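First the structure, in the form of structure tokens, and then the observations on it.
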Amino acid sequence: MSDRKLDIWLDAGLIDTDTAQRIRAYEADRSRPLGLWSLIGLGALAIGLGIISLVAANWDEIPGMVRLSVHALLIAGVSGGIFLLQPRNGFLGLYLKDVLLFILAVLGATFFGHLGQVYQTSSPLWQPMALWLLLFSPLLLLTGRGWLISLLWVVALLGTGIAHWEWYAQQTGEPSVMYIGVITSLPVFALLAGIFVESRSAREAFWTQVGQFALASFVAGVSLKLIADGLTGGGPFGSQGQAGEIAAIHLGLWSIAALLAYRLIRTSTGISIAAILIAAAVTSLVSSIAQSTEPLGSAILFIAFWAAIGWSAIYSEWRNMFQVVVAIIALRLIILSFELASDLLSSGLGLILAGVITIFIAIVAYRFSKAFAPARHPAAERTSDESDP
Amino acid sequence: MSRYRRLFLPFALLLPLVGLGVIWLLTERQSHRGTEWDVPIAGYDPRDLLRGHYVQFQYNWPMVQENEIPTWSGYRSHLCIIGSSPRIERVEVQDQGGPVRGGSTLNCDATARVNPWSEEGNDGLVRDRIYVPQQAARDYQAKLANPALQGIVRIRINTSGFITPLSLAFRPRPALEGDREQLP
């Protein structure tokens, strides 16, 4: 809170001197010594980096068994810390425990690499990743509270899927249509898991985040696929003939997921998620069947998908999401204007035209976003802020 | 739910600890399996023998032409090593399941396969690297470049046929013998 703003409001007669005084007193009470904390944080970071450098410099001198034992002891120590913090609920229980969980998970993941280094073994990346998921998922999903853990878990799950896909494609040459259809639907399965457990868990906010991260990666993946379709015709997965079949499998899987999402959350959110899933499946199928590299067609499919997301955002009153949607559609239109004007660009006229269209789109997007953005709900936003630590 | 969590937390915490421990134990046991062999080597690239703290080298498998060595895991062929550990008598290229090229079926004492996940990727049977202490690196580099010395790498071939270099040694090169000669 800046004093300058308070002075302006005082001068404008919006608040009286008393209120200003009380706001200042309240803010002074709540203020934390941010500068001090960031200095302490920087100091801790420097010490940590120093220790890592010292260990790294003498890495060869330390026998492998000693290194692995220290690594294992660290893991055991952090596990003990989490166990002791579990009953607490304040700052320590909520924040520190999540940080310790994250450190434990990272220590566990690096243990696989460390074993490989000491014993000079090597294995396909997906194997240690899948083992890690198997060993750490129960702990992370059972005790995680904040975005650090939910993001880590979703990233690990999708990363394992991608690593396995890469390995499997290398082993078989051309993986089956069903395999690609299922492995690329991993974000949808994670989304369903988030939705399913959300209503049954005491840590609702954590599972909401798992669902949100899964949905975000799903939307990003579908968008990239729609863009790639426009560039190569055949699409990013497999050969030309496969693209349609994969999209058909997606349509089936994602429709079932949409139905489940709708049945599990009987609110506007459920309908919005179902709408995004169906829109993704349909636009992706059309794009795969059409296999066209026409700029206009591929832009229309992309914008159709994002328009569906925009509709869902309005329907469920996701205000921030709606603004993102408007920005992305505007960006895609701007890119389209350049694509269409590519033969005129050399004449300069194309550039001027593209500039005019860009400004026009920016103004329309701004007005549209102002006029149709879902209204802010101060109460609702506050509770959602408080519920995710 | 919170009662569940209190009950399951110790198990959830023990699972990674026990799991990682078991994996460590299995890796430890696996590392002692297989057979050990001595393979003559040559510097892989005289301009870049050392990157970091390892030595890159090229295997000179006795009695095999370099262009015959499988360089892709999909070829389904492997090196058949004949001899008594650690001394290699000869090495043949063998197709998986099929007989040795131009000869009758052989009883291999060990078979080496391409490990596509090794640091050298598909070239794992042609060249490899061995990690050495920082201080010793310069000494190894000089010896590898010295034509009077023959580098010998002791390797372990595990039960899956994958190679792990264990140690690097040097011995004087017999005066008239070339790179690709059998070990004395």
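A note on labels: chains of the structure tokens are A, B, ... as shown, every chain counts residues from 1, and ligands are counted from 1 in their shown order.
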
Considering only C-alpha atoms, extract the chain A residues located within 8 Å of chain B and return them as a compact mmCIF listing (two decimals) with C-alpha atoms, in the first residue's frame.
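out.txt written:
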```
# COMPACT_ATOMS: atom_id res chain seq x y z
CA ASP A 60 35.88 -37.68 -7.38
CA GLU A 61 37.64 -37.84 -4.03
CA ILE A 75 16.37 -38.39 2.22
CA ALA A 76 15.68 -40.15 5.53
CA SER A 79 11.28 -37.68 5.61
CA PHE A 83 6.66 -36.70 9.75
CA GLY A 108 14.63 -38.91 -4.57
CA PHE A 111 19.17 -40.52 -6.28
CA LEU A 115 23.13 -44.54 -8.59
CA TYR A 119 27.59 -47.93 -10.80
CA GLN A 120 28.02 -46.63 -14.38
CA THR A 121 24.63 -47.99 -15.38
CA SER A 122 22.21 -46.48 -17.83
CA SER A 123 18.55 -47.05 -18.57
CA PRO A 124 15.83 -45.40 -20.62
CA LEU A 135 7.35 -44.36 -4.96
CA PHE A 136 6.55 -40.70 -4.36
CA PRO A 138 1.27 -41.56 -2.52
CA LEU A 139 3.25 -39.20 -0.29
CA LEU A 142 -1.57 -37.45 0.41
CA THR A 143 0.18 -34.53 2.08
CA GLN A 171 11.73 -49.25 -30.04
CA SER A 201 -10.52 -34.57 -0.06
CA ALA A 202 -10.02 -32.22 2.85
```

*asked:* Between A:Val364, A:Leu96, A:Leu151, A:Ala163, which residue has the minimum interatomic distance to Gln127 of chain A, considering only C-alpha atoms?
replied: A:Ala163

*Non-local contacts of segment 83-86 of chain B (9 Å; only C-alpha atoms; under 5 positions in same chain excluded) as a list in words*: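 In the requested form, the answer reads Thr35, Glu36, Trp37, Asp38, Val39, Val91, Cys108, Asp109, Ala110, Arg154 and Ile155 of chain B.
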
Please produce an output containing N, CA and C atoms for each residue in the selection, written as an mmCIF file, in the first residue's frame.
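This is the output file part17.cif:
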```
data_model
loop_
_atom_site.group_PDB
_atom_site.id
_atom_site.type_symbol
_atom_site.label_atom_id
_atom_site.label_comp_id
_atom_site.auth_asym_id
_atom_site.auth_seq_id
_atom_site.Cartn_x
_atom_site.Cartn_y
_atom_site.Cartn_z
ATOM 1 N N THR B 35 30.705 -60.744 -16.876
ATOM 2 C CA THR B 35 32.096 -61.165 -17.033
ATOM 3 C C THR B 35 32.963 -59.957 -17.360
ATOM 4 N N GLU B 36 34.243 -60.046 -17.006
ATOM 5 C CA GLU B 36 35.156 -58.930 -17.260
ATOM 6 C C GLU B 36 36.141 -59.290 -18.360
ATOM 7 N N TRP B 37 36.434 -58.309 -19.213
ATOM 8 C CA TRP B 37 37.315 -58.544 -20.355
ATOM 9 C C TRP B 37 38.258 -57.368 -20.536
ATOM 10 N N ASP B 38 39.447 -57.654 -21.088
ATOM 11 C CA ASP B 38 40.405 -56.595 -21.424
ATOM 12 C C ASP B 38 40.312 -56.303 -22.913
ATOM 13 N N VAL B 39 40.096 -55.050 -23.265
ATOM 14 C CA VAL B 39 39.981 -54.683 -24.678
ATOM 15 C C VAL B 39 40.998 -53.596 -24.996
ATOM 16 N N VAL B 91 36.779 -61.988 -31.595
ATOM 17 C CA VAL B 91 35.426 -61.426 -31.519
ATOM 18 C C VAL B 91 34.774 -61.581 -32.888
ATOM 19 N N CYS B 108 29.427 -68.438 -27.607
ATOM 20 C CA CYS B 108 30.062 -67.201 -27.173
ATOM 21 C C CYS B 108 30.313 -67.277 -25.674
ATOM 22 N N ASP B 109 31.454 -66.757 -25.243
ATOM 23 C CA ASP B 109 31.710 -66.675 -23.804
ATOM 24 C C ASP B 109 31.041 -65.438 -23.225
ATOM 25 N N ALA B 110 30.776 -64.455 -24.079
ATOM 26 C CA ALA B 110 30.010 -63.275 -23.671
ATOM 27 C C ALA B 110 29.503 -62.620 -24.932
ATOM 28 N N ARG B 154 39.589 -52.412 -19.051
ATOM 29 C CA ARG B 154 38.901 -53.567 -18.482
ATOM 30 C C ARG B 154 37.415 -53.243 -18.477
ATOM 31 N N ILE B 155 36.624 -54.060 -19.159
ATOM 32 C CA ILE B 155 35.180 -53.803 -19.206
ATOM 33 C C ILE B 155 34.422 -54.931 -18.520
#
```

*Work out how far apart atom CA of Val66 of chain A and atom CA of Leu125 of chain A are and give it in Å to one decimal.*
25.1 Å

*Can you tell me how far atom CA of Ile329 of chain A sits from atom CA of Gly211 of chain A, in Å to one decimal?*
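Straight-line distance from atom CA of Ile329 of chain A to atom CA of Gly211 of chain A works out to 23.5 Å.
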
_Using only C-alpha atoms, which protein or nucleic acid residues come within 8 Å of Gly310 of chain A? Drop anything in the same chain fewer than 5 positions from it, and give the result as a ChimeraX atom specification._
/A:321-322,325-326

Save out the residues we just selected, N, CA and C atoms, as a PDB file, in the first residue's frame.
```pdb
ATOM      1  N   MET A 321      -8.929 -15.949 -16.850  1.00  0.00           N
ATOM      2  CA  MET A 321      -8.857 -16.850 -17.994  1.00  0.00           C
ATOM      3  C   MET A 321      -9.429 -16.162 -19.228  1.00  0.00           C
ATOM      4  N   PHE A 322     -10.529 -15.419 -19.037  1.00  0.00           N
ATOM      5  CA  PHE A 322     -11.174 -14.769 -20.169  1.00  0.00           C
ATOM      6  C   PHE A 322     -10.219 -13.776 -20.827  1.00  0.00           C
ATOM      7  N   VAL A 325      -7.756 -15.581 -22.912  1.00  0.00           N
ATOM      8  CA  VAL A 325      -8.379 -16.052 -24.150  1.00  0.00           C
ATOM      9  C   VAL A 325      -8.408 -14.933 -25.188  1.00  0.00           C
ATOM     10  N   VAL A 326      -8.853 -13.746 -24.759  1.00  0.00           N
ATOM     11  CA  VAL A 326      -8.943 -12.617 -25.690  1.00  0.00           C
ATOM     12  C   VAL A 326      -7.557 -12.294 -26.246  1.00  0.00           C
TER      13      VAL A 326
END
```

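Across the structure, atom CA of Ala248 of chain A and atom CA of Leu285 of chain A are spaced 6.4 Å apart.
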
*Taking the backbone alone, and naming residues the way the document does, which bits of segment 230-288 of chain A are helix (DSSP H, G or I) by DSSP, as a PyMOL selection string?*
chain A and resi 230-232+240-264+268-288

Preceding selection exported with C-alpha atoms as a compact mmCIF listing (two decimals), in the first residue's frame:
```
# COMPACT_ATOMS: atom_id res chain seq x y z
CA GLY A 230 -1.37 -25.95 -40.06
CA LEU A 231 2.38 -26.09 -40.66
CA THR A 232 2.94 -29.67 -41.80
CA GLN A 240 -0.43 -38.95 -42.52
CA GLY A 241 -2.79 -41.90 -42.40
CA GLN A 242 -2.65 -42.16 -38.61
CA ALA A 243 -3.61 -38.57 -37.76
CA GLY A 244 -7.34 -39.05 -38.42
CA GLU A 245 -7.51 -42.31 -36.46
CA ILE A 246 -5.69 -40.79 -33.48
CA ALA A 247 -8.06 -37.81 -33.51
CA ALA A 248 -11.01 -40.22 -33.62
CA ILE A 249 -9.67 -42.05 -30.55
CA HIS A 250 -9.24 -38.65 -28.88
CA LEU A 251 -12.84 -37.80 -29.70
CA GLY A 252 -14.00 -41.00 -28.00
CA LEU A 253 -11.77 -40.70 -24.92
CA TRP A 254 -12.29 -36.98 -24.40
CA SER A 255 -16.07 -37.27 -24.85
CA ILE A 256 -16.19 -39.88 -22.09
CA ALA A 257 -13.99 -37.60 -19.97
CA ALA A 258 -16.32 -34.65 -20.67
CA LEU A 259 -19.31 -36.72 -19.59
CA LEU A 260 -17.51 -37.79 -16.40
CA ALA A 261 -16.44 -34.21 -15.65
CA TYR A 262 -20.03 -33.06 -16.09
CA ARG A 263 -21.35 -35.84 -13.85
CA LEU A 264 -18.70 -35.35 -11.16
CA SER A 268 -21.04 -24.46 -14.16
CA THR A 269 -17.36 -25.48 -13.82
CA GLY A 270 -18.21 -29.05 -14.84
CA ILE A 271 -20.04 -27.83 -17.94
CA SER A 272 -17.17 -25.48 -18.81
CA ILE A 273 -14.57 -28.24 -18.53
CA ALA A 274 -16.75 -30.59 -20.60
CA ALA A 275 -17.16 -27.87 -23.24
CA ILE A 276 -13.39 -27.36 -23.49
CA LEU A 277 -12.80 -31.13 -23.84
CA ILE A 278 -15.44 -31.53 -26.55
CA ALA A 279 -14.27 -28.42 -28.43
CA ALA A 280 -10.68 -29.71 -28.33
CA ALA A 281 -11.70 -33.13 -29.66
CA VAL A 282 -13.84 -31.71 -32.47
CA THR A 283 -11.40 -29.03 -33.67
CA SER A 284 -8.52 -31.50 -33.50
CA LEU A 285 -10.48 -34.10 -35.49
CA VAL A 286 -11.47 -31.58 -38.18
CA SER A 287 -7.89 -30.36 -38.36
CA SER A 288 -6.51 -33.91 -38.70
```

*asked:* Set the distance at 9 Å and use only C-alpha atoms: which residues neighbour Trp153 of chain A once local chain neighbours fewer than 6 positions away are removed? I'd like the list as a PyMOL selection string.
replied: chain A and resi 133+137+140-141+210

*Shell of 9 Å around Val55 of chain B, only C-alpha atoms, local chain residues under 6 positions omitted, as a PyMOL selection string*: chain B and resi 43-44+49+128-132+137+140-141

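Residues surrounding Tyr168 of chain A within 12 Å are A:Pro124, A:Leu125, A:Trp126, A:Gln127, A:Thr160, A:Gly161, A:Ile162, A:Ala163, A:His164, A:Trp165, A:Gln171, A:Thr172, A:Gly173, A:Glu174, A:Pro175, A:Ser176, A:Tyr179, A:Ile180, A:Ile183 [only C-alpha atoms; sequence separation below 3 positions excluded].
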
*asked:* To test your reading of the structure, identify every residue in segment 56-170 of chain B that backbone DSSP assigns to strand (DSSP E), and report it as a PyMOL selection string.
replied: chain B and resi 56-59+77-84+87-95+110-112+127-131+149-157+163-170

Go ahead and save the residues from that selection, with N, CA and C atoms, as a tab-separated table (two decimals), in the first residue's frame.
```tsv
chain	number	residue	atom	x	y	z
B	56	GLN	N	37.87	-40.28	-23.54
B	56	GLN	CA	37.11	-40.91	-24.61
B	56	GLN	C	38.05	-41.77	-25.42
B	57	PHE	N	37.60	-42.94	-25.79
B	57	PHE	CA	38.49	-43.83	-26.53
B	57	PHE	C	37.67	-44.66	-27.51
B	58	GLN	N	38.40	-45.38	-28.35
B	58	GLN	CA	37.75	-46.23	-29.34
B	58	GLN	C	38.17	-47.65	-29.08
B	59	TYR	N	37.22	-48.60	-29.10
B	59	TYR	CA	37.56	-50.00	-28.89
B	59	TYR	C	38.23	-50.57	-30.13
B	77	SER	N	22.07	-57.40	-34.25
B	77	SER	CA	23.30	-58.18	-34.28
B	77	SER	C	24.16	-57.74	-33.10
B	78	HIS	N	25.06	-58.62	-32.66
B	78	HIS	CA	25.86	-58.29	-31.48
B	78	HIS	C	27.27	-58.84	-31.65
B	79	LEU	N	28.13	-58.48	-30.74
B	79	LEU	CA	29.50	-58.98	-30.77
B	79	LEU	C	29.57	-60.25	-29.93
B	80	CYS	N	30.11	-61.30	-30.52
B	80	CYS	CA	30.28	-62.56	-29.80
B	80	CYS	C	31.74	-62.64	-29.37
B	81	ILE	N	31.96	-62.66	-28.06
B	81	ILE	CA	33.33	-62.65	-27.55
B	81	ILE	C	33.73	-64.06	-27.16
B	82	ILE	N	34.88	-64.51	-27.70
B	82	ILE	CA	35.36	-65.86	-27.41
B	82	ILE	C	36.70	-65.74	-26.70
B	83	GLY	N	36.84	-66.45	-25.60
B	83	GLY	CA	38.07	-66.40	-24.83
B	83	GLY	C	37.79	-66.83	-23.42
B	84	SER	N	38.76	-66.60	-22.53
B	84	SER	CA	38.49	-66.89	-21.13
B	84	SER	C	38.76	-65.61	-20.36
B	87	ARG	N	40.74	-62.53	-20.84
B	87	ARG	CA	41.52	-62.50	-22.08
B	87	ARG	C	40.64	-62.84	-23.27
B	88	ILE	N	40.57	-61.92	-24.23
B	88	ILE	CA	39.74	-62.15	-25.42
B	88	ILE	C	40.59	-62.83	-26.47
B	89	GLU	N	40.09	-63.96	-27.01
B	89	GLU	CA	40.81	-64.60	-28.10
B	89	GLU	C	40.42	-63.98	-29.43
B	90	ARG	N	39.13	-63.96	-29.67
B	90	ARG	CA	38.66	-63.29	-30.87
B	90	ARG	C	37.22	-62.83	-30.68
B	91	VAL	N	36.78	-61.99	-31.59
B	91	VAL	CA	35.43	-61.43	-31.52
B	91	VAL	C	34.77	-61.58	-32.89
B	92	GLU	N	33.54	-62.08	-32.91
B	92	GLU	CA	32.82	-62.21	-34.17
B	92	GLU	C	31.54	-61.38	-34.10
B	93	VAL	N	31.13	-60.90	-35.28
B	93	VAL	CA	29.82	-60.24	-35.34
B	93	VAL	C	28.78	-61.31	-35.61
B	94	GLN	N	27.75	-61.37	-34.75
B	94	GLN	CA	26.75	-62.44	-34.88
B	94	GLN	C	25.37	-61.83	-34.99
B	95	ASP	N	24.56	-62.40	-35.90
B	95	ASP	CA	23.17	-61.96	-35.98
B	95	ASP	C	22.38	-62.66	-34.91
B	110	ALA	N	30.78	-64.45	-24.08
B	110	ALA	CA	30.01	-63.28	-23.67
B	110	ALA	C	29.50	-62.62	-24.93
B	111	THR	N	28.36	-61.95	-24.84
B	111	THR	CA	27.88	-61.20	-25.99
B	111	THR	C	27.70	-59.75	-25.59
B	112	ALA	N	28.18	-58.86	-26.45
B	112	ALA	CA	28.07	-57.42	-26.18
B	112	ALA	C	27.08	-56.83	-27.17
B	127	ARG	N	32.96	-46.84	-29.53
B	127	ARG	CA	33.75	-45.99	-28.64
B	127	ARG	C	33.04	-45.87	-27.30
B	128	ASP	N	33.77	-45.35	-26.32
B	128	ASP	CA	33.21	-45.26	-24.98
B	128	ASP	C	33.99	-44.21	-24.21
B	129	ARG	N	33.65	-44.07	-22.96
B	129	ARG	CA	34.38	-43.12	-22.13
B	129	ARG	C	34.53	-43.72	-20.74
B	130	ILE	N	35.59	-43.34	-20.08
B	130	ILE	CA	35.79	-43.80	-18.71
B	130	ILE	C	36.11	-42.59	-17.85
B	131	TYR	N	35.47	-42.52	-16.70
B	131	TYR	CA	35.67	-41.37	-15.82
B	131	TYR	C	36.95	-41.55	-15.02
B	149	LEU	N	52.86	-47.00	-26.28
B	149	LEU	CA	52.02	-47.62	-25.26
B	149	LEU	C	50.67	-48.04	-25.84
B	150	GLN	N	50.19	-49.18	-25.40
B	150	GLN	CA	48.87	-49.66	-25.82
B	150	GLN	C	47.92	-49.52	-24.63
B	151	GLY	N	46.83	-48.78	-24.83
B	151	GLY	CA	45.83	-48.65	-23.77
B	151	GLY	C	44.96	-49.88	-23.71
B	152	ILE	N	44.66	-50.35	-22.52
B	152	ILE	CA	43.79	-51.51	-22.33
B	152	ILE	C	42.68	-51.11	-21.37
B	153	VAL	N	41.44	-51.31	-21.76
B	153	VAL	CA	40.33	-51.01	-20.86
B	153	VAL	C	39.74	-52.32	-20.36
B	154	ARG	N	39.59	-52.41	-19.05
B	154	ARG	CA	38.90	-53.57	-18.48
B	154	ARG	C	37.42	-53.24	-18.48
B	155	ILE	N	36.62	-54.06	-19.16
B	155	ILE	CA	35.18	-53.80	-19.21
B	155	ILE	C	34.42	-54.93	-18.52
B	156	ARG	N	33.21	-54.62	-18.04
B	156	ARG	CA	32.33	-55.69	-17.56
B	156	ARG	C	31.14	-55.75	-18.50
B	157	ILE	N	30.84	-56.96	-18.96
B	157	ILE	CA	29.65	-57.15	-19.79
B	157	ILE	C	28.60	-57.80	-18.90
B	163	ILE	N	27.85	-52.97	-21.84
B	163	ILE	CA	29.24	-52.80	-21.42
B	163	ILE	C	29.37	-51.70	-20.37
B	164	THR	N	30.18	-51.93	-19.34
B	164	THR	CA	30.57	-50.89	-18.41
B	164	THR	C	32.09	-50.86	-18.34
B	165	PRO	N	32.74	-49.77	-18.73
B	165	PRO	CA	34.19	-49.69	-18.59
B	165	PRO	C	34.54	-49.57	-17.11
B	166	LEU	N	35.54	-50.36	-16.67
B	166	LEU	CA	35.87	-50.36	-15.25
B	166	LEU	C	37.18	-49.62	-14.96
B	167	SER	N	38.23	-49.94	-15.72
B	167	SER	CA	39.51	-49.30	-15.43
B	167	SER	C	40.33	-49.20	-16.71
B	168	LEU	N	41.34	-48.36	-16.65
B	168	LEU	CA	42.19	-48.10	-17.82
B	168	LEU	C	43.64	-48.40	-17.43
B	169	ALA	N	44.33	-49.19	-18.26
B	169	ALA	CA	45.74	-49.49	-17.98
B	169	ALA	C	46.53	-49.38	-19.28
B	170	PHE	N	47.86	-49.34	-19.15
B	170	PHE	CA	48.70	-49.24	-20.35
B	170	PHE	C	49.78	-50.29	-20.29
```

*With only C-alpha atoms as the atoms that count, which of A:Leu296, A:Arg367, A:Ile195, A:Leu331 lies nearest to Arg266 of chain A?*
A:Ile195
